[in-house]
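Notes follow the structure.
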Amino acid sequence: MTLRGKTTPLARMDDAPNDDSWKNWFQRYGPRLLLCARQWTRSLADAEDVVQDAFIRFWRRQRGLGGEPLPLLLTSIRRAAFDRARREQRRAAREQETEAGESAPLFEPLAVGDERRMAVEAALRRLPAEQREVLALKIWSNLTFEEIGGQLEISPNTAASRYRYALAALRKELTPDFCHG
Amino acid sequence: MDDDLQKFEAELKALRPAVPSRELMGALERRLAPRRMGGLFWLGLPAAAAACLLLVLHFRPEPAANRQPPATASMTETAPALKPVAADDVLVDTQDEGFVTLADGTQARRTRQSFVDTITWEDPATHASLRWSVPREEVNVLPVNFQ
């Protein structure tokens, strides 16, 4: 009996880099992974540690498994982030790290109108975590609602609802100028 | 979703997530660099080759005339479309095996780590899942500098 899933290339077909090296792959997908990791960790340093471990594990042993690599990596990152959070709870609170993580930008600065980027970041940080993580997975990792549901162990409908609430809340908070370009 | 919300969604998509720090790239580069193998590895190669040869001789395929049609052919066609959905590895033991001398005479430290890797596949259509756990040993040989 064949139990192999349908084998697909390392990245999604539509935007897969031709080069097989980890650097090319990571330069392309690393920022998305880090952004998602930051939704589940207390600081930028924690997020980078979690991404590092998950990526090493993926690149050495899991990339030959087939299937979509991004959801697999995100699952790995999320679990590692939660394990880390549990360990952290047993330690002293690391408030300074939290503050440092919150101040580090989530997105690359814009050449023109960077204050809009900052406004979006500020609004994003004020969203409930459950909405923010759906937004990050949908918008910046291009996951489907079904994939997001699988990641977060919620139904695709719930994922879609949270996404719509998040978008509406962000739009409400940001100035009309931004919304209409 | 209304037009305004779609425009807003497009605005958000245009934002590029911040790139990881140089420290993270450096750490990945160090950890993904090709590993150096010590003298023991090369000594082990002939033994491994001999073991493979024995296995091949022992499990030689039957002549084609005696071969039955594969019984699993129809099962393969109806096999579930399983996709990997989770992959975990749990570190269960670490042993520091001390210093070893590499082929070029430099000193290195060898550590042996035991993991249990678990991979879960799932068929999105039926939600049938398969979990596979396997023990794994990882030997790391890291060159050391006594300066």
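The way I read the labels, and the way they are meant: chains A, B, ... in the order of the structure tokens, residue 1 as the first residue of every chain, and ligand 1 as the first ligand shown, with later ones counted on from there.
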Compile a residue-level contact table for chain B against chain A at a cut-off of 9 Å, reporting for every qualifying residue the shortest atom pair and its distance in Å to one decimal, with only C-alpha atoms counted, rows ordered by chain and ascending number, as a tab-separated table.
residue	atom	partner	partner_atom	distance
B:Met1	CA	A:Arg164	CA	8.2
B:Asp4	CA	A:Cys179	CA	7.2
B:Leu5	CA	A:Leu167	CA	7.2
B:Lys7	CA	A:Cys179	CA	7.0
B:Phe8	CA	A:Cys179	CA	5.3
B:Glu9	CA	A:Leu167	CA	7.4
B:Ala10	CA	A:Ile139	CA	8.9
B:Glu11	CA	A:Gly181	CA	7.7
B:Leu12	CA	A:Ile139	CA	7.3
B:Lys13	CA	A:Ile139	CA	5.8
B:Leu15	CA	A:Phe107	CA	6.4
B:Arg16	CA	A:Phe107	CA	5.4
B:Pro17	CA	A:Phe107	CA	4.2
B:Ala18	CA	A:Phe107	CA	4.2
B:Val19	CA	A:Pro31	CA	4.8
B:Pro20	CA	A:Pro31	CA	6.0
B:Ser21	CA	A:Glu48	CA	8.2
B:Leu24	CA	A:Glu48	CA	6.5
B:Met25	CA	A:Lys23	CA	8.5
B:Ala27	CA	A:Gln52	CA	7.7
B:Leu28	CA	A:Gln52	CA	6.6
B:Glu29	CA	A:Lys23	CA	8.4
B:Arg31	CA	A:Ile56	CA	7.5
B:Leu32	CA	A:Ile56	CA	7.1
B:Thr72	CA	A:Met1	CA	5.7
B:Ala73	CA	A:Met1	CA	7.9
B:Ser74	CA	A:Met1	CA	8.8
B:Met75	CA	A:Met1	CA	5.7
B:Thr76	CA	A:Thr2	CA	5.3
B:Glu77	CA	A:Thr2	CA	8.5
B:Ala79	CA	A:Thr2	CA	6.2
B:Pro80	CA	A:Leu3	CA	7.1
B:Ala81	CA	A:Gly5	CA	5.2
B:Leu82	CA	A:Gly5	CA	4.4
B:Lys83	CA	A:Gly5	CA	4.7
B:Pro84	CA	A:Gly67	CA	6.1
B:Val85	CA	A:Leu72	CA	5.7
B:Ala86	CA	A:Leu72	CA	5.9
B:Ala87	CA	A:Ser76	CA	6.7
B:Asp88	CA	A:Ser76	CA	7.0
B:Asp89	CA	A:Arg57	CA	8.3
B:Ile119	CA	A:Gln62	CA	8.9
B:Trp121	CA	A:Gly5	CA	8.0
B:Glu122	CA	A:Gly5	CA	8.8
B:Asp123	CA	A:Gly5	CA	8.4
B:Leu130	CA	A:Leu3	CA	8.9
What lies within 12 Å of Asp83 of chain A using only C-alpha atoms, ignoring chain neighbours under 2 positions off, as number ranges by chain?
-> A: 40-41, 46, 50, 76-81, 85-90; B: 88, 90
Write out, as a PDB file, in the first residue's frame, the residues just selected, with N, CA and C atoms.
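Saved to again-v2.pdb:
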ATOM      1  N   TRP A  40       3.307  34.452  18.184  1.00  0.00           N
ATOM      2  CA  TRP A  40       3.179  33.390  19.198  1.00  0.00           C
ATOM      3  C   TRP A  40       4.277  33.444  20.251  1.00  0.00           C
ATOM      4  N   THR A  41       5.144  34.432  20.167  1.00  0.00           N
ATOM      5  CA  THR A  41       6.238  34.516  21.145  1.00  0.00           C
ATOM      6  C   THR A  41       6.226  35.883  21.809  1.00  0.00           C
ATOM      7  N   ASP A  46      13.005  35.580  20.987  1.00  0.00           N
ATOM      8  CA  ASP A  46      12.354  34.268  21.113  1.00  0.00           C
ATOM      9  C   ASP A  46      11.866  33.786  19.745  1.00  0.00           C
ATOM     10  N   VAL A  50      12.975  30.343  17.785  1.00  0.00           N
ATOM     11  CA  VAL A  50      11.986  29.340  17.398  1.00  0.00           C
ATOM     12  C   VAL A  50      12.053  29.071  15.893  1.00  0.00           C
ATOM     13  N   SER A  76       5.364  23.595  12.985  1.00  0.00           N
ATOM     14  CA  SER A  76       6.540  23.341  13.797  1.00  0.00           C
ATOM     15  C   SER A  76       6.890  24.571  14.642  1.00  0.00           C
ATOM     16  N   ILE A  77       6.809  25.737  14.022  1.00  0.00           N
ATOM     17  CA  ILE A  77       7.132  26.986  14.729  1.00  0.00           C
ATOM     18  C   ILE A  77       6.128  27.241  15.850  1.00  0.00           C
ATOM     19  N   ARG A  78       4.870  27.008  15.549  1.00  0.00           N
ATOM     20  CA  ARG A  78       3.833  27.288  16.556  1.00  0.00           C
ATOM     21  C   ARG A  78       3.997  26.385  17.773  1.00  0.00           C
ATOM     22  N   ARG A  79       4.261  25.106  17.502  1.00  0.00           N
ATOM     23  CA  ARG A  79       4.447  24.180  18.625  1.00  0.00           C
ATOM     24  C   ARG A  79       5.677  24.553  19.445  1.00  0.00           C
ATOM     25  N   ALA A  80       6.747  24.886  18.740  1.00  0.00           N
ATOM     26  CA  ALA A  80       7.974  25.265  19.443  1.00  0.00           C
ATOM     27  C   ALA A  80       7.742  26.532  20.264  1.00  0.00           C
ATOM     28  N   ALA A  81       6.960  27.460  19.709  1.00  0.00           N
ATOM     29  CA  ALA A  81       6.681  28.700  20.424  1.00  0.00           C
ATOM     30  C   ALA A  81       5.873  28.415  21.690  1.00  0.00           C
ATOM     31  N   ALA A  85       6.892  29.022  25.489  1.00  0.00           N
ATOM     32  CA  ALA A  85       6.059  29.842  26.377  1.00  0.00           C
ATOM     33  C   ALA A  85       5.815  29.110  27.699  1.00  0.00           C
ATOM     34  N   ARG A  86       5.601  27.804  27.602  1.00  0.00           N
ATOM     35  CA  ARG A  86       5.378  27.036  28.838  1.00  0.00           C
ATOM     36  C   ARG A  86       6.625  27.056  29.720  1.00  0.00           C
ATOM     37  N   ARG A  87       7.786  26.925  29.051  1.00  0.00           N
ATOM     38  CA  ARG A  87       9.039  26.968  29.825  1.00  0.00           C
ATOM     39  C   ARG A  87       9.222  28.348  30.452  1.00  0.00           C
ATOM     40  N   GLU A  88       8.874  29.359  29.670  1.00  0.00           N
ATOM     41  CA  GLU A  88       9.057  30.730  30.143  1.00  0.00           C
ATOM     42  C   GLU A  88       8.190  31.008  31.361  1.00  0.00           C
ATOM     43  N   GLN A  89       6.985  30.418  31.356  1.00  0.00           N
ATOM     44  CA  GLN A  89       6.081  30.680  32.479  1.00  0.00           C
ATOM     45  C   GLN A  89       6.670  30.184  33.782  1.00  0.00           C
ATOM     46  N   ARG A  90       7.502  29.166  33.652  1.00  0.00           N
ATOM     47  CA  ARG A  90       8.107  28.620  34.865  1.00  0.00           C
ATOM     48  C   ARG A  90       9.288  29.474  35.317  1.00  0.00           C
TER      49      ARG A  90
ATOM     50  N   ASP B  88       7.489  16.421  14.485  1.00  0.00           N
ATOM     51  CA  ASP B  88       8.106  16.797  15.765  1.00  0.00           C
ATOM     52  C   ASP B  88       9.316  15.928  16.017  1.00  0.00           C
ATOM     53  N   VAL B  90      11.643  14.857  19.478  1.00  0.00           N
ATOM     54  CA  VAL B  90      11.815  15.022  20.921  1.00  0.00           C
ATOM     55  C   VAL B  90      13.188  14.498  21.301  1.00  0.00           C
TER      56      VAL B  90
END
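Excluding segment 131-147 of chain B itself and same-chain residues fewer than 5 positions from it, the residues having an atom within 9 Å of it are Arg35, Arg36, Met37, Gly38, Phe99, Val100, Leu102, Thr106, Gln107, Ala108, Arg109, Arg110, Thr111, Arg112, Gln113, Ser114, Phe115, Val116, Asp117, Thr118, Ile119, Thr120, Trp121 and Glu122 of chain B, counting only C-alpha atoms.
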Could you save those same residues with C-alpha atoms as a PDB file, in the first residue's frame?
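Result file follows (again.pdb):
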ATOM      1  CA  ARG B  35      29.661  18.754   8.741  1.00  0.00           C
ATOM      2  CA  ARG B  36      33.196  17.504   9.017  1.00  0.00           C
ATOM      3  CA  MET B  37      33.506  13.804   9.506  1.00  0.00           C
ATOM      4  CA  GLY B  38      36.151  12.362  11.800  1.00  0.00           C
ATOM      5  CA  PHE B  99      37.351  14.819  22.424  1.00  0.00           C
ATOM      6  CA  VAL B 100      38.314  13.000  19.230  1.00  0.00           C
ATOM      7  CA  LEU B 102      39.945  14.301  13.157  1.00  0.00           C
ATOM      8  CA  THR B 106      42.668  18.723  14.701  1.00  0.00           C
ATOM      9  CA  GLN B 107      40.725  18.162  17.883  1.00  0.00           C
ATOM     10  CA  ALA B 108      36.950  17.979  17.958  1.00  0.00           C
ATOM     11  CA  ARG B 109      34.258  17.299  20.476  1.00  0.00           C
ATOM     12  CA  ARG B 110      31.770  14.553  19.737  1.00  0.00           C
ATOM     13  CA  THR B 111      28.237  14.520  21.131  1.00  0.00           C
ATOM     14  CA  ARG B 112      25.573  11.923  20.565  1.00  0.00           C
ATOM     15  CA  GLN B 113      21.901  12.907  20.790  1.00  0.00           C
ATOM     16  CA  SER B 114      18.973  10.520  20.755  1.00  0.00           C
ATOM     17  CA  PHE B 115      15.675  11.741  19.336  1.00  0.00           C
ATOM     18  CA  VAL B 116      12.255  10.316  18.666  1.00  0.00           C
ATOM     19  CA  ASP B 117      10.949  11.767  15.403  1.00  0.00           C
ATOM     20  CA  THR B 118       7.211  11.727  14.888  1.00  0.00           C
ATOM     21  CA  ILE B 119       5.604  12.612  11.592  1.00  0.00           C
ATOM     22  CA  THR B 120       1.858  12.855  11.127  1.00  0.00           C
ATOM     23  CA  TRP B 121       0.162  12.535   7.772  1.00  0.00           C
ATOM     24  CA  GLU B 122      -3.486  13.349   7.193  1.00  0.00           C
TER      25      GLU B 122
END
Students should find that atom CA of Ala123 of chain A and atom CA of Thr158 of chain A are spaced 21.6 Å
In Å and to one decimal, atom CA of Phe82 of chain A is distant from atom CA of Ala125 of chain B by 28.1 Å
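Comparing the minimum interatomic distances between Glu130 of chain A and each of A:Ala111, A:Pro156, A:Trp25, A:Tyr163, counting only C-alpha atoms, we find that A:Tyr163 sits nearest.
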